[in-house]
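Asker: There's a structure below that I have some questions on.
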Amino acid sequence: MFARRPAVARRVVAAFPTARIATQFDPSGRLPAELVRTRSLHYSIFALAPAFDIADLAACLGKDLWGYSDGQGRGLRGATRFLAGYRGNVGSWPYREMNPNAAELDDLMWRAGTIWPDVEGVAGYPGALKYRR
């Protein structure tokens, strides 16, 4: 969109559910390829943040990726719900994480709270807005 190539943006948005969500997310909200890394929490957040960017882009094109689910539960909301369960307690993260950083998760959850203030673990962040979801 920034490069004024809306056709490219539309292709990316249209392909995102099958090319990214279906292949990178599992129905429980986990991102399995990230969980085997030595910084699994960091990379789970690092993978979900740009997915949020694509969902923002999609909204500019009239497409709703924030509410997308593949019927098995794969979607941004489920992945957010999974990570939100560790907000305030990154020490309980059950996968390998060499440098747990609560601030990274807080930043992502603040952003998620602007979309889904009803998801447990994201509500209550300053500035959380109630949108139509």
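Each chain of the structure tokens is named A, B, ... in the order shown, its residues numbered from 1; ligands are numbered from 1 in display order.
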Could you give me, as a count of residues only, the residues within 12 Å of region 53-56 of chain A, counting only C-alpha atoms and dropping anything in the same chain fewer than 3 positions from it?

Answerer: 35

Asker: Excluding region 79-92 of chain A and its own-chain neighbours fewer than 6 positions away, which residues fall within 6 Å of it when counting only C-alpha atoms? Please give them as a list in words.

Answerer: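 Listed by chain and then number, they are Gly29, Arg30 and Gly121 of chain A.
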
Asker: Can you write just those residues out, N, CA and C atoms, as an mmCIF file, in the first residue's frame?

Answerer:
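The resulting file, out_29.cif, is shown below:
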data_model
loop_
_atom_site.group_PDB
_atom_site.id
_atom_site.type_symbol
_atom_site.label_atom_id
_atom_site.label_comp_id
_atom_site.auth_asym_id
_atom_site.auth_seq_id
_atom_site.Cartn_x
_atom_site.Cartn_y
_atom_site.Cartn_z
ATOM 1 N N GLY A 29 -3.506 -22.426 18.885
ATOM 2 C CA GLY A 29 -2.931 -21.091 18.901
ATOM 3 C C GLY A 29 -1.412 -21.077 18.939
ATOM 4 N N ARG A 30 -0.825 -22.221 19.070
ATOM 5 C CA ARG A 30 0.644 -22.288 19.093
ATOM 6 C C ARG A 30 1.206 -22.102 17.683
ATOM 7 N N GLY A 121 -6.491 -11.724 29.313
ATOM 8 C CA GLY A 121 -5.054 -11.514 29.234
ATOM 9 C C GLY A 121 -4.667 -10.294 28.431
#

Asker: When you draw a straight line from CA of Glu104 (chain A) to CA of Ala3 (chain A), how long is it in Å?

Answerer: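 About the pair CA of Glu104 (chain A) and CA of Ala3 (chain A): they are 28.8 Å apart.
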